[in-house]
Amino acid sequence: GLAGVLRALGKEVAVLNPDPPEPRYAYLGRAVEFGAYRGGALPAHDVVVLLDGRHLSRTGALEGPLRAAPSLKLVVDHHV
């Protein structure tokens with residue numbers, strides 16, 4: 001949903017997950033294009049939005065590259 005809103009506002013968006021989705025969630029790929037991190041450089045970006053996970057340690061192999069990136073990190077999470 002967030003990717004769709006940002007795109008409607010004219011923003012360039014890349015959705016990148018630490019892992020590929022489970023097969024039962026494959027239908028989500030029809031609603032929004034997303035990728036699974038396979039190592040290497042992150043897409044060029046100014047802001048990273050973490051959804052439903054307030055710690056970078058929960059991003060798996062993305063943790064190191066995200067920590068090293070000079071981008072602004074925004075966390076949207078309903079947990080305490």
# chains A, B, ... in the order shown; residues from 1 in each chain; ligands from 1

$ select_by_dssp --residues "chain A" --states "alpha helix (DSSP H)" --output "JSON, numbers by chain"
{"A": [2, 3, 4, 5, 6, 7, 8, 28, 29, 30, 31, 63, 64, 65, 66, 67, 68]}

$ write_last_selection --atoms "N, CA and C atoms" --output "mmCIF file, in the first residue's frame"
data_model
loop_
_atom_site.group_PDB
_atom_site.id
_atom_site.type_symbol
_atom_site.label_atom_id
_atom_site.label_comp_id
_atom_site.auth_asym_id
_atom_site.auth_seq_id
_atom_site.Cartn_x
_atom_site.Cartn_y
_atom_site.Cartn_z
ATOM 1 N N LEU A 2 1.894 1.288 0.835
ATOM 2 C CA LEU A 2 2.759 2.467 0.926
ATOM 3 C C LEU A 2 3.455 2.730 -0.407
ATOM 4 N N ALA A 3 3.908 1.699 -1.055
ATOM 5 C CA ALA A 3 4.572 1.875 -2.352
ATOM 6 C C ALA A 3 3.628 2.511 -3.353
ATOM 7 N N GLY A 4 2.374 2.096 -3.360
ATOM 8 C CA GLY A 4 1.396 2.658 -4.281
ATOM 9 C C GLY A 4 1.138 4.136 -4.024
ATOM 10 N N VAL A 5 1.037 4.499 -2.762
ATOM 11 C CA VAL A 5 0.827 5.913 -2.408
ATOM 12 C C VAL A 5 2.028 6.745 -2.833
ATOM 13 N N LEU A 6 3.224 6.263 -2.547
ATOM 14 C CA LEU A 6 4.432 7.010 -2.914
ATOM 15 C C LEU A 6 4.549 7.165 -4.429
ATOM 16 N N ARG A 7 4.243 6.115 -5.154
ATOM 17 C CA ARG A 7 4.292 6.208 -6.617
ATOM 18 C C ARG A 7 3.255 7.205 -7.129
ATOM 19 N N ALA A 8 2.072 7.212 -6.520
ATOM 20 C CA ALA A 8 1.029 8.162 -6.922
ATOM 21 C C ALA A 8 1.475 9.603 -6.668
ATOM 22 N N LEU A 28 0.982 -11.529 -3.849
ATOM 23 C CA LEU A 28 1.332 -10.142 -3.539
ATOM 24 C C LEU A 28 2.150 -9.505 -4.652
ATOM 25 N N GLY A 29 2.891 -10.312 -5.394
ATOM 26 C CA GLY A 29 3.692 -9.809 -6.502
ATOM 27 C C GLY A 29 2.855 -9.265 -7.644
ATOM 28 N N ARG A 30 1.593 -9.608 -7.685
ATOM 29 C CA ARG A 30 0.703 -9.052 -8.712
ATOM 30 C C ARG A 30 0.239 -7.649 -8.340
ATOM 31 N N ALA A 31 0.247 -7.326 -7.051
ATOM 32 C CA ALA A 31 -0.207 -6.010 -6.586
ATOM 33 C C ALA A 31 0.921 -4.981 -6.620
ATOM 34 N N GLU A 63 20.894 -5.992 6.788
ATOM 35 C CA GLU A 63 21.323 -5.172 7.927
ATOM 36 C C GLU A 63 22.614 -4.401 7.659
ATOM 37 N N GLY A 64 23.657 -5.067 7.231
ATOM 38 C CA GLY A 64 24.939 -4.399 6.988
ATOM 39 C C GLY A 64 24.837 -3.296 5.941
ATOM 40 N N PRO A 65 24.311 -3.594 4.757
ATOM 41 C CA PRO A 65 24.173 -2.546 3.750
ATOM 42 C C PRO A 65 23.280 -1.384 4.205
ATOM 43 N N LEU A 66 22.215 -1.686 4.945
ATOM 44 C CA LEU A 66 21.352 -0.606 5.430
ATOM 45 C C LEU A 66 22.079 0.275 6.444
ATOM 46 N N ARG A 67 22.834 -0.345 7.343
ATOM 47 C CA ARG A 67 23.606 0.433 8.332
ATOM 48 C C ARG A 67 24.649 1.310 7.641
ATOM 49 N N ALA A 68 25.249 0.797 6.590
ATOM 50 C CA ALA A 68 26.311 1.529 5.894
ATOM 51 C C ALA A 68 25.759 2.645 5.006
#

$ select_by_dssp --residues "chain A" --states "strand (DSSP E)" --output "list of chain:residue names"
A:Leu16, A:Asn17, A:Gly35, A:Ala36, A:Val47, A:Val48, A:Val49, A:Leu50, A:Leu51, A:Leu72, A:Lys73, A:Leu74, A:Val75, A:Val76

$ closest_residue --among "A:Ala36, A:Val15, A:Ala26, A:Leu74" --to "Leu50 (chain A)" --atoms "only C-alpha atoms"
A:Leu74

$ closest_residue --among "A:Lys73, A:Pro23, A:Glu33, A:Glu12" --to "His55 (chain A)" --atoms "only C-alpha atoms"
A:Lys73

$ closest_residue --among "A:Tyr37, A:Tyr27, A:Ala69, A:Asn17" --to "Gly53 (chain A)" --atoms "only C-alpha atoms"
A:Asn17

$ atom_distance --atom1 "CA of Leu16 (chain A)" --atom2 "CA of His78 (chain A)"
20.4 Å

$ decode --residues "region 32-44 of chain A" --atoms "all heavy atoms" --output "CSV table (one decimal), in the first residue's frame"
chain,number,residue,atom,x,y,z
A,32,VAL,N,2.1,-5.4,-6.3
A,32,VAL,CA,3.3,-4.5,-6.3
A,32,VAL,C,4.5,-5.3,-6.6
A,32,VAL,O,4.7,-6.4,-6.2
A,32,VAL,CB,3.4,-3.8,-4.9
A,32,VAL,CG1,3.7,-4.8,-3.8
A,32,VAL,CG2,4.5,-2.7,-5.0
A,33,GLU,N,5.4,-4.7,-7.5
A,33,GLU,CA,6.6,-5.3,-7.8
A,33,GLU,C,7.6,-5.2,-6.7
A,33,GLU,O,7.8,-4.2,-6.1
A,33,GLU,CB,7.2,-4.6,-9.1
A,33,GLU,CG,8.5,-5.3,-9.6
A,33,GLU,CD,9.0,-4.6,-10.8
A,33,GLU,OE1,8.2,-4.0,-11.6
A,33,GLU,OE2,10.2,-4.7,-11.0
A,34,PHE,N,8.2,-6.3,-6.3
A,34,PHE,CA,9.2,-6.3,-5.2
A,34,PHE,C,10.2,-7.4,-5.5
A,34,PHE,O,10.0,-8.3,-6.3
A,34,PHE,CB,8.5,-6.5,-3.9
A,34,PHE,CG,7.8,-7.8,-3.7
A,34,PHE,CD1,8.5,-8.9,-3.2
A,34,PHE,CD2,6.5,-8.0,-4.0
A,34,PHE,CE1,7.9,-10.1,-3.0
A,34,PHE,CE2,5.9,-9.2,-3.9
A,34,PHE,CZ,6.5,-10.3,-3.4
A,35,GLY,N,11.4,-7.2,-4.8
A,35,GLY,CA,12.5,-8.1,-5.0
A,35,GLY,C,12.9,-8.6,-3.7
A,35,GLY,O,12.6,-8.1,-2.6
A,36,ALA,N,13.7,-9.7,-3.7
A,36,ALA,CA,14.4,-10.2,-2.5
A,36,ALA,C,15.9,-9.9,-2.6
A,36,ALA,O,16.5,-10.0,-3.7
A,36,ALA,CB,14.2,-11.7,-2.4
A,37,TYR,N,16.5,-9.5,-1.6
A,37,TYR,CA,17.9,-9.1,-1.5
A,37,TYR,C,18.8,-10.3,-1.8
A,37,TYR,O,18.6,-11.3,-1.1
A,37,TYR,CB,18.2,-8.4,-0.2
A,37,TYR,CG,19.6,-7.9,-0.1
A,37,TYR,CD1,20.1,-6.9,-0.9
A,37,TYR,CD2,20.5,-8.5,0.8
A,37,TYR,CE1,21.4,-6.4,-0.8
A,37,TYR,CE2,21.8,-8.0,0.8
A,37,TYR,CZ,22.3,-7.0,0.0
A,37,TYR,OH,23.5,-6.6,0.1
A,38,ARG,N,19.6,-10.2,-2.8
A,38,ARG,CA,20.5,-11.3,-3.1
A,38,ARG,C,22.0,-10.9,-2.9
A,38,ARG,O,22.9,-11.6,-3.4
A,38,ARG,CB,20.4,-11.6,-4.6
A,38,ARG,CG,18.9,-11.9,-5.0
A,38,ARG,CD,18.7,-13.4,-5.1
A,38,ARG,NE,17.4,-13.7,-5.6
A,38,ARG,CZ,16.5,-14.4,-4.9
A,38,ARG,NH1,16.8,-14.9,-3.8
A,38,ARG,NH2,15.3,-14.6,-5.5
A,39,GLY,N,22.2,-9.8,-2.2
A,39,GLY,CA,23.6,-9.4,-1.9
A,39,GLY,C,24.0,-8.2,-2.8
A,39,GLY,O,23.3,-7.9,-3.7
A,40,GLY,N,25.1,-7.6,-2.5
A,40,GLY,CA,25.6,-6.5,-3.4
A,40,GLY,C,25.0,-5.2,-2.9
A,40,GLY,O,24.5,-5.0,-1.8
A,41,ALA,N,25.1,-4.3,-3.8
A,41,ALA,CA,24.7,-2.9,-3.6
A,41,ALA,C,23.2,-2.8,-3.5
A,41,ALA,O,22.5,-3.5,-4.2
A,41,ALA,CB,25.3,-1.9,-4.6
A,42,LEU,N,22.8,-1.9,-2.6
A,42,LEU,CA,21.3,-1.6,-2.6
A,42,LEU,C,21.0,-0.6,-3.8
A,42,LEU,O,21.8,0.1,-4.3
A,42,LEU,CB,21.0,-0.8,-1.3
A,42,LEU,CG,21.2,-1.6,0.0
A,42,LEU,CD1,21.0,-0.7,1.2
A,42,LEU,CD2,20.4,-2.8,0.1
A,43,PRO,N,19.7,-0.6,-4.2
A,43,PRO,CA,19.3,0.4,-5.2
A,43,PRO,C,19.6,1.8,-4.6
A,43,PRO,O,19.6,2.0,-3.4
A,43,PRO,CB,17.8,0.2,-5.3
A,43,PRO,CG,17.5,-1.2,-4.8
A,43,PRO,CD,18.6,-1.5,-3.7
A,44,ALA,N,19.9,2.7,-5.5
A,44,ALA,CA,20.1,4.1,-5.1
A,44,ALA,C,18.9,4.6,-4.4
A,44,ALA,O,17.7,4.3,-4.8
A,44,ALA,CB,20.4,5.0,-6.3
